[in-house]
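Take a look at the structure below.
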Amino acid sequence: MWCLYFLSNMLWLVLSQAIVSCSRTNLTSMLEPQANMVMQLGEWEGRWESNQIGFHQLQVHKMLETHLDKVLNGRSGVKFFFPLCGKAVDMKWLADMGHSVVGVEISEKGIRQFFEENNMTYTEEPVSAIPGAKVYKNSEKNISLYQCDIYNFSSAIEGQFGAMCDRGSLVAINPGDREKYAALIISLMAKDCRYLLDTVHYNPELYEGVLPFFVPDEQIHSLFGNSCDIKFLQSMDILTERKRNWGLDSLTENVHLLILNVRGCQMQKFSWTSDFLDKRHVSSSFDLPIVLVSC
């Protein structure tokens with residue numbers, strides 16, 4: 001009897017590993033057409049300078065309007081993070097509701113246009129923790145936009161966030177940087193954080209352009225599934241005649257809500273504790289279990 005139990009468990013383990021291996025192979029195959037595509041920071045700044053910003057929307061994104069209640073979850077005065085924020089009007093919309101907003105954007109022009117186009121007075125000051133970076137704040141101090149490489153930003157700058165809005169960030173970063181990006185996003189999530197993620201789905205073999213990059217749902221789970229509970233919210237057909245001229249035969253916008261789970265919270269604590277011990281040159285991790293369960 002014990003032998004049968006052992007064999008059944010071994011068979012289940014082998015099958016599980018085979019399924020995982022197959023899933024990874026399929027994901028790699030899906031991502032292959034764009035795996036080596038790269039956009040340099042200078043190219044992004046060049047797009048802003050030449051006004052090639054077709055990604056900018058003049059109205060608040062429907063994704064955010066439709067699902068805001070799910071993001072807020074009954075909370076008020078929530079601290080929002082906008083990665084690669086551009087000059088999204090969504091930021092002022094949320095600030096006018098009483099929330100605070102922090103954004104990161106590489107283009108100084110984009111940041112200045114945000115404040116100027118919304119008739120907001122603002123200040124500019126250097127960020128001592130990030131060489132060469134600047135932070136721009138409106139007079140009410142509820143919108144802070146950092147001009148810097150997003151990978152130089154961290155929770156040491158502004159703490160963690162209760163909500164995140166990602167409409168054009170994950171689909172814009174270089175495919176080879178997605179794991180680094182996901183690790184940053186998770187590190188910025190407070191334990192009650194709700195992360196609204198918008199991605200696009202199409203056949204990357206039909207599209208020779210660079211942006212927006214194809215991000216399959218399978219990769220969302222691969223990047224964030226160990227740390228977040230992932231809920232699919234909505235799928236929309238956004239194929240227009242203009243986009244059909246790109247060579248595409250379909251284009252779908254998918255919306256997910258990611259919520260940091262207990263494991264993700266523990267991983268954050270473990271990472272923080274490891275960094276703390278390293279900095280103090282302490283070899284013992286005697287206090288680590290206490291830190292883990294405190295989440």
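Identifiers in the structure tokens: chain A, B, ... in order shown; residue index from 1 per chain; ligand index from 1 in order shown.
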
Neighbouring residues of Leu145 of chain A were defined as those with any atom within 12 Å, considering only C-alpha atoms; residues of the same chain fewer than 6 positions away were excluded. Please report them as a PyMOL selection string. chain A and resi 80-88+91-92+100-115+122-127+133-138+153+157-158

If we count only C-alpha atoms, what is near Val89 of chain A at a cut-off of 8 Å, once residues fewer than 3 positions away on the same chain are taken out, given as number ranges by chain? A: 57-60, 92-93, 114

Write the residues you've just listed into a file as a PDB file, in the first residue's frame, and include all heavy atoms for each of them.
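Contents of the output file result_0.pdb:
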ATOM      1  N   GLN A  57      -3.455  59.418 -24.560  1.00  0.00           N
ATOM      2  CA  GLN A  57      -4.897  59.580 -24.731  1.00  0.00           C
ATOM      3  C   GLN A  57      -5.366  60.869 -24.077  1.00  0.00           C
ATOM      4  O   GLN A  57      -4.903  61.231 -22.988  1.00  0.00           O
ATOM      5  CB  GLN A  57      -5.644  58.389 -24.127  1.00  0.00           C
ATOM      6  CG  GLN A  57      -5.352  57.075 -24.845  1.00  0.00           C
ATOM      7  CD  GLN A  57      -6.276  55.956 -24.392  1.00  0.00           C
ATOM      8  OE1 GLN A  57      -7.062  56.111 -23.462  1.00  0.00           O
ATOM      9  NE2 GLN A  57      -6.179  54.817 -25.048  1.00  0.00           N
ATOM     10  N   LEU A  58      -6.303  61.546 -24.719  1.00  0.00           N
ATOM     11  CA  LEU A  58      -6.789  62.826 -24.230  1.00  0.00           C
ATOM     12  C   LEU A  58      -7.836  62.670 -23.130  1.00  0.00           C
ATOM     13  O   LEU A  58      -8.134  63.623 -22.418  1.00  0.00           O
ATOM     14  CB  LEU A  58      -7.387  63.639 -25.389  1.00  0.00           C
ATOM     15  CG  LEU A  58      -6.407  63.990 -26.522  1.00  0.00           C
ATOM     16  CD1 LEU A  58      -7.137  64.724 -27.645  1.00  0.00           C
ATOM     17  CD2 LEU A  58      -5.251  64.830 -25.998  1.00  0.00           C
ATOM     18  N   GLN A  59      -8.407  61.476 -23.017  1.00  0.00           N
ATOM     19  CA  GLN A  59      -9.407  61.222 -21.984  1.00  0.00           C
ATOM     20  C   GLN A  59      -8.899  60.162 -21.010  1.00  0.00           C
ATOM     21  O   GLN A  59      -7.985  59.405 -21.326  1.00  0.00           O
ATOM     22  CB  GLN A  59     -10.732  60.735 -22.607  1.00  0.00           C
ATOM     23  CG  GLN A  59     -11.453  61.763 -23.464  1.00  0.00           C
ATOM     24  CD  GLN A  59     -10.904  61.826 -24.886  1.00  0.00           C
ATOM     25  OE1 GLN A  59     -10.453  60.815 -25.410  1.00  0.00           O
ATOM     26  NE2 GLN A  59     -10.957  63.001 -25.502  1.00  0.00           N
ATOM     27  N   VAL A  60      -9.539  60.122 -19.847  1.00  0.00           N
ATOM     28  CA  VAL A  60      -9.222  59.083 -18.873  1.00  0.00           C
ATOM     29  C   VAL A  60      -9.503  57.720 -19.510  1.00  0.00           C
ATOM     30  O   VAL A  60     -10.514  57.544 -20.192  1.00  0.00           O
ATOM     31  CB  VAL A  60     -10.075  59.258 -17.595  1.00  0.00           C
ATOM     32  CG1 VAL A  60      -9.861  58.096 -16.628  1.00  0.00           C
ATOM     33  CG2 VAL A  60      -9.738  60.583 -16.931  1.00  0.00           C
ATOM     34  N   LYS A  92      -4.304  63.401 -12.975  1.00  0.00           N
ATOM     35  CA  LYS A  92      -5.028  64.546 -12.420  1.00  0.00           C
ATOM     36  C   LYS A  92      -6.433  64.136 -12.005  1.00  0.00           C
ATOM     37  O   LYS A  92      -6.947  64.592 -10.975  1.00  0.00           O
ATOM     38  CB  LYS A  92      -5.101  65.685 -13.432  1.00  0.00           C
ATOM     39  CG  LYS A  92      -5.782  66.935 -12.875  1.00  0.00           C
ATOM     40  CD  LYS A  92      -5.800  68.064 -13.880  1.00  0.00           C
ATOM     41  CE  LYS A  92      -6.388  69.336 -13.261  1.00  0.00           C
ATOM     42  NZ  LYS A  92      -7.792  69.153 -12.834  1.00  0.00           N
ATOM     43  N   TRP A  93      -7.050  63.283 -12.782  1.00  0.00           N
ATOM     44  CA  TRP A  93      -8.400  62.786 -12.481  1.00  0.00           C
ATOM     45  C   TRP A  93      -8.431  62.132 -11.100  1.00  0.00           C
ATOM     46  O   TRP A  93      -9.333  62.391 -10.296  1.00  0.00           O
ATOM     47  CB  TRP A  93      -8.802  61.801 -13.578  1.00  0.00           C
ATOM     48  CG  TRP A  93     -10.181  61.243 -13.486  1.00  0.00           C
ATOM     49  CD1 TRP A  93     -11.366  61.913 -13.658  1.00  0.00           C
ATOM     50  CD2 TRP A  93     -10.533  59.875 -13.235  1.00  0.00           C
ATOM     51  NE1 TRP A  93     -12.422  61.049 -13.523  1.00  0.00           N
ATOM     52  CE2 TRP A  93     -11.946  59.786 -13.277  1.00  0.00           C
ATOM     53  CE3 TRP A  93      -9.796  58.714 -13.017  1.00  0.00           C
ATOM     54  CZ2 TRP A  93     -12.634  58.587 -13.082  1.00  0.00           C
ATOM     55  CZ3 TRP A  93     -10.475  57.518 -12.829  1.00  0.00           C
ATOM     56  CH2 TRP A  93     -11.873  57.453 -12.859  1.00  0.00           C
ATOM     57  N   PHE A 114       2.530  67.731 -18.945  1.00  0.00           N
ATOM     58  CA  PHE A 114       1.430  67.304 -18.067  1.00  0.00           C
ATOM     59  C   PHE A 114       0.958  68.460 -17.199  1.00  0.00           C
ATOM     60  O   PHE A 114      -0.243  68.763 -17.128  1.00  0.00           O
ATOM     61  CB  PHE A 114       1.865  66.132 -17.187  1.00  0.00           C
ATOM     62  CG  PHE A 114       0.889  65.833 -16.083  1.00  0.00           C
ATOM     63  CD1 PHE A 114      -0.286  65.151 -16.339  1.00  0.00           C
ATOM     64  CD2 PHE A 114       1.127  66.283 -14.775  1.00  0.00           C
ATOM     65  CE1 PHE A 114      -1.214  64.907 -15.321  1.00  0.00           C
ATOM     66  CE2 PHE A 114       0.213  66.043 -13.762  1.00  0.00           C
ATOM     67  CZ  PHE A 114      -0.965  65.347 -14.034  1.00  0.00           C
TER      68      PHE A 114
END

Mind pulling up the distance from atom CA of Leu197 of chain A to atom CA of Leu223 of chain A?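 Separation between atom CA of Leu223 of chain A and atom CA of Leu197 of chain A: 12.5 Å.
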
Just list as a VMD selection string whatever in segment 36-208 of chain A DSSP marks as strand (DSSP E). chain A and resid 79 to 82 100 to 105 122 to 126 134 to 138 143 to 147 161 to 166 189 to 201

So that I can check the surroundings of Leu206 of chain A, please list as a JSON list (two decimals) with N, CA, C and O atoms, in the first residue's frame every protein, DNA and RNA residue that reaches within 10 Å of it, counting only C-alpha atoms and ignoring chain neighbours fewer than 2 positions away.
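So part_15.json came out as:
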[["chain", "number", "residue", "atom", "x", "y", "z"],
["A", 33, "PRO", "N", 9.28, 35.96, -31.47],
["A", 33, "PRO", "CA", 9.40, 36.99, -32.51],
["A", 33, "PRO", "C", 9.85, 38.36, -32.01],
["A", 33, "PRO", "O", 10.43, 39.14, -32.76],
["A", 202, "TYR", "N", -1.84, 39.96, -29.60],
["A", 202, "TYR", "CA", -1.95, 39.84, -31.05],
["A", 202, "TYR", "C", -0.91, 38.82, -31.51],
["A", 202, "TYR", "O", -0.14, 38.29, -30.69],
["A", 203, "ASN", "N", -0.89, 38.56, -32.79],
["A", 203, "ASN", "CA", 0.09, 37.63, -33.34],
["A", 203, "ASN", "C", 1.37, 38.41, -33.66],
["A", 203, "ASN", "O", 1.41, 39.16, -34.63],
["A", 204, "PRO", "N", 2.43, 38.25, -32.86],
["A", 204, "PRO", "CA", 3.65, 39.05, -33.06],
["A", 204, "PRO", "C", 4.36, 38.72, -34.36],
["A", 204, "PRO", "O", 5.21, 39.51, -34.81],
["A", 208, "GLU", "N", 5.67, 43.91, -37.58],
["A", 208, "GLU", "CA", 7.10, 44.18, -37.63],
["A", 208, "GLU", "C", 7.50, 45.42, -36.85],
["A", 208, "GLU", "O", 8.68, 45.75, -36.75],
["A", 209, "GLY", "N", 6.52, 46.11, -36.28],
["A", 209, "GLY", "CA", 6.83, 47.31, -35.50],
["A", 209, "GLY", "C", 7.37, 46.95, -34.13],
["A", 209, "GLY", "O", 7.51, 45.78, -33.77],
["A", 246, "TRP", "N", -1.21, 47.75, -39.97],
["A", 246, "TRP", "CA", 0.07, 47.29, -39.43],
["A", 246, "TRP", "C", 0.34, 45.85, -39.86],
["A", 246, "TRP", "O", 1.45, 45.35, -39.68],
["A", 247, "GLY", "N", -0.69, 45.19, -40.39],
["A", 247, "GLY", "CA", -0.55, 43.79, -40.77],
["A", 247, "GLY", "C", -1.26, 42.83, -39.82],
["A", 247, "GLY", "O", -1.21, 41.61, -40.01],
["A", 248, "LEU", "N", -1.92, 43.39, -38.82],
["A", 248, "LEU", "CA", -2.57, 42.55, -37.82],
["A", 248, "LEU", "C", -3.94, 42.07, -38.28],
["A", 248, "LEU", "O", -4.64, 42.78, -39.02],
["A", 249, "ASP", "N", -4.31, 40.88, -37.85],
["A", 249, "ASP", "CA", -5.65, 40.37, -38.14],
["A", 249, "ASP", "C", -6.53, 40.36, -36.89],
["A", 249, "ASP", "O", -7.73, 40.12, -36.95],
["A", 250, "SER", "N", -5.91, 40.64, -35.74],
["A", 250, "SER", "CA", -6.66, 40.76, -34.48],
["A", 250, "SER", "C", -5.81, 41.55, -33.48],
["A", 250, "SER", "O", -4.58, 41.53, -33.54]]

Residues at most 8 Å from Leu257 of chain A, counting only C-alpha atoms, excluding those fewer than 3 positions away in the same chain, as an MDAnalysis selection string? chainID A and resid 71 194:197 230:233

Might you pull out every residue within 8 Å of segment 175-187 of chain A, with only C-alpha atoms counted and same-chain residues fewer than 2 positions away left off, and present them as a short mmCIF file (atom, residue, chain, number, x, y, z; two decimals) with N, CA and C atoms, in the first residue's frame?
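Resulting contents of around.cif:
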data_model
loop_
_atom_site.label_atom_id
_atom_site.label_comp_id
_atom_site.auth_asym_id
_atom_site.auth_seq_id
_atom_site.Cartn_x
_atom_site.Cartn_y
_atom_site.Cartn_z
N GLN A 34 9.61 38.67 -30.74
CA GLN A 34 9.98 39.99 -30.22
C GLN A 34 11.02 39.91 -29.10
N ALA A 35 11.56 38.73 -28.88
CA ALA A 35 12.44 38.51 -27.73
C ALA A 35 13.64 39.45 -27.69
N ASN A 36 14.17 39.81 -28.85
CA ASN A 36 15.40 40.61 -28.88
C ASN A 36 15.17 42.08 -29.26
N MET A 37 13.92 42.49 -29.31
CA MET A 37 13.62 43.88 -29.64
C MET A 37 13.98 44.79 -28.48
N VAL A 38 14.54 45.96 -28.80
CA VAL A 38 15.02 46.88 -27.76
C VAL A 38 14.68 48.31 -28.15
N TYR A 151 14.23 51.94 -13.56
CA TYR A 151 14.98 50.95 -12.78
C TYR A 151 15.88 51.59 -11.72
N SER A 154 12.92 53.26 -6.56
CA SER A 154 12.73 52.18 -5.60
C SER A 154 11.84 52.65 -4.46
N SER A 155 11.46 51.73 -3.59
CA SER A 155 10.63 52.08 -2.44
C SER A 155 11.37 53.00 -1.46
N GLN A 160 5.97 52.53 -0.44
CA GLN A 160 5.17 51.60 -1.24
C GLN A 160 3.81 52.20 -1.54
N LEU A 170 4.13 47.93 -19.04
CA LEU A 170 4.62 46.57 -19.29
C LEU A 170 4.71 46.29 -20.78
N ILE A 173 8.13 48.34 -22.05
CA ILE A 173 9.50 48.01 -21.68
C ILE A 173 10.03 46.90 -22.58
N MET A 189 4.79 47.38 -4.06
CA MET A 189 3.41 47.11 -3.66
C MET A 189 3.29 47.03 -2.14
N PHE A 213 4.43 46.13 -27.32
CA PHE A 213 4.87 44.75 -27.37
C PHE A 213 3.73 43.81 -26.97
N LEU A 223 5.29 35.97 -14.54
CA LEU A 223 6.00 37.07 -13.89
C LEU A 223 5.50 37.35 -12.48
N PHE A 224 4.17 37.29 -12.31
CA PHE A 224 3.58 37.76 -11.05
C PHE A 224 2.87 36.68 -10.24
N SER A 227 3.71 35.83 -6.53
CA SER A 227 3.58 36.89 -5.52
C SER A 227 2.20 37.52 -5.46
N LEU A 260 -1.35 41.66 -4.16
CA LEU A 260 -0.23 41.01 -3.47
C LEU A 260 -0.76 39.99 -2.47
N GLY A 264 3.80 36.78 -1.58
CA GLY A 264 4.49 37.96 -2.11
C GLY A 264 4.94 38.89 -1.01
N GLN A 268 8.82 39.93 -0.06
CA GLN A 268 9.29 41.29 0.13
C GLN A 268 10.08 41.41 1.43
#

Distance criterion (only C-alpha atoms): nearest to Cys148 of chain A out of A:His221, A:Glu45, A:Gly98, A:His67: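 Closest to Cys148 of chain A of all the choices is A:Glu45.
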
Enumerate the residues of segment 51-136 of chain A with a DSSP assignment of alpha helix (DSSP H), computed from the backbone, and present them as a short mmCIF file (atom, residue, chain, number, x, y, z; two decimals) with N, CA, C and O atoms, in the first residue's frame.
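Output saved as result-v2.cif:
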data_model
loop_
_atom_site.label_atom_id
_atom_site.label_comp_id
_atom_site.auth_asym_id
_atom_site.auth_seq_id
_atom_site.Cartn_x
_atom_site.Cartn_y
_atom_site.Cartn_z
N LYS A 62 -10.71 54.15 -20.32
CA LYS A 62 -11.94 53.43 -19.93
C LYS A 62 -11.64 52.30 -18.96
O LYS A 62 -12.46 51.97 -18.10
N MET A 63 -10.48 51.68 -19.12
CA MET A 63 -10.09 50.60 -18.22
C MET A 63 -10.12 51.07 -16.78
O MET A 63 -10.66 50.40 -15.89
N LEU A 64 -9.56 52.25 -16.53
CA LEU A 64 -9.49 52.78 -15.17
C LEU A 64 -10.86 53.22 -14.69
O LEU A 64 -11.24 52.95 -13.54
N GLU A 65 -11.62 53.89 -15.55
CA GLU A 65 -12.97 54.33 -15.17
C GLU A 65 -13.84 53.14 -14.81
O GLU A 65 -14.54 53.15 -13.79
N THR A 66 -13.78 52.10 -15.62
CA THR A 66 -14.65 50.94 -15.43
C THR A 66 -14.33 50.17 -14.16
O THR A 66 -15.22 49.71 -13.46
N HIS A 67 -13.03 50.06 -13.85
CA HIS A 67 -12.62 49.17 -12.76
C HIS A 67 -12.06 49.91 -11.55
O HIS A 67 -11.47 49.28 -10.67
N LEU A 68 -12.28 51.22 -11.48
CA LEU A 68 -11.73 51.98 -10.37
C LEU A 68 -12.24 51.47 -9.02
O LEU A 68 -11.47 51.39 -8.04
N ASP A 69 -13.51 51.12 -8.94
CA ASP A 69 -14.06 50.64 -7.67
C ASP A 69 -13.33 49.39 -7.18
O ASP A 69 -13.11 49.22 -5.97
N LYS A 70 -12.94 48.53 -8.11
CA LYS A 70 -12.22 47.31 -7.74
C LYS A 70 -10.81 47.65 -7.24
O LYS A 70 -10.27 46.96 -6.37
N VAL A 71 -10.23 48.69 -7.81
CA VAL A 71 -8.90 49.11 -7.38
C VAL A 71 -8.95 49.77 -6.00
O VAL A 71 -8.13 49.48 -5.13
N LEU A 72 -9.93 50.64 -5.80
CA LEU A 72 -10.04 51.34 -4.52
C LEU A 72 -10.49 50.40 -3.40
O LEU A 72 -10.03 50.53 -2.26
N ASP A 90 -5.18 60.69 -16.55
CA ASP A 90 -5.71 59.86 -15.45
C ASP A 90 -5.14 60.32 -14.11
O ASP A 90 -5.81 60.21 -13.07
N MET A 91 -3.91 60.81 -14.11
CA MET A 91 -3.25 61.20 -12.85
C MET A 91 -3.95 62.38 -12.20
O MET A 91 -4.19 62.37 -10.98
N LYS A 92 -4.30 63.40 -12.97
CA LYS A 92 -5.03 64.55 -12.42
C LYS A 92 -6.43 64.14 -12.01
O LYS A 92 -6.95 64.59 -10.98
N TRP A 93 -7.05 63.28 -12.78
CA TRP A 93 -8.40 62.79 -12.48
C TRP A 93 -8.43 62.13 -11.10
O TRP A 93 -9.33 62.39 -10.30
N LEU A 94 -7.43 61.32 -10.80
CA LEU A 94 -7.37 60.65 -9.50
C LEU A 94 -7.03 61.64 -8.39
O LEU A 94 -7.59 61.58 -7.28
N ALA A 95 -6.10 62.57 -8.67
CA ALA A 95 -5.72 63.57 -7.67
C ALA A 95 -6.91 64.45 -7.30
O ALA A 95 -7.09 64.82 -6.13
N ASP A 96 -7.73 64.78 -8.29
CA ASP A 96 -8.92 65.60 -8.04
C ASP A 96 -9.93 64.88 -7.15
O ASP A 96 -10.79 65.52 -6.52
N GLU A 108 11.50 64.63 -19.87
CA GLU A 108 11.24 65.89 -19.18
C GLU A 108 10.13 66.66 -19.88
O GLU A 108 9.27 67.27 -19.24
N LYS A 109 10.12 66.61 -21.20
CA LYS A 109 9.10 67.31 -21.96
C LYS A 109 7.71 66.78 -21.61
O LYS A 109 6.76 67.55 -21.44
N GLY A 110 7.59 65.46 -21.51
CA GLY A 110 6.30 64.86 -21.18
C GLY A 110 5.80 65.30 -19.82
O GLY A 110 4.61 65.60 -19.63
N ILE A 111 6.70 65.37 -18.85
CA ILE A 111 6.32 65.77 -17.49
C ILE A 111 5.89 67.24 -17.47
O ILE A 111 4.85 67.59 -16.88
N ARG A 112 6.69 68.09 -18.09
CA ARG A 112 6.34 69.52 -18.10
C ARG A 112 5.00 69.73 -18.82
O ARG A 112 4.18 70.55 -18.39
N GLN A 113 4.78 69.02 -19.91
CA GLN A 113 3.51 69.17 -20.64
C GLN A 113 2.33 68.75 -19.77
O GLN A 113 1.25 69.34 -19.87
N PHE A 114 2.53 67.73 -18.95
CA PHE A 114 1.43 67.30 -18.07
C PHE A 114 0.96 68.46 -17.20
O PHE A 114 -0.24 68.76 -17.13
N PHE A 115 1.89 69.11 -16.52
CA PHE A 115 1.52 70.20 -15.62
C PHE A 115 0.99 71.41 -16.39
O PHE A 115 0.00 72.04 -15.99
N GLU A 116 1.65 71.75 -17.49
CA GLU A 116 1.26 72.94 -18.25
C GLU A 116 -0.09 72.78 -18.93
O GLU A 116 -0.92 73.69 -18.93
N GLU A 117 -0.34 71.60 -19.51
CA GLU A 117 -1.61 71.37 -20.20
C GLU A 117 -2.79 71.27 -19.23
O GLU A 117 -3.94 71.45 -19.63
#

Polymer residues at most 10 Å from Glu218 of chain A, only C-alpha atoms, same-chain spacing of 2 or more positions, as a VMD selection string: chain A and resid 23 to 24 26 to 27 30 215 to 216 220 to 223 225

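From atom CA of Gly168 of chain A back to atom CA of Gln234 of chain A, the distance works out to 16.2 Å.
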
Given only C-alpha atoms as the counted atoms, nearest of A:Lys191, A:Val210, A:Glu205, A:Arg167 to Glu43 of chain A: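 Once distances to Glu43 of chain A are computed over only C-alpha atoms, the minimum belongs to A:Val210.
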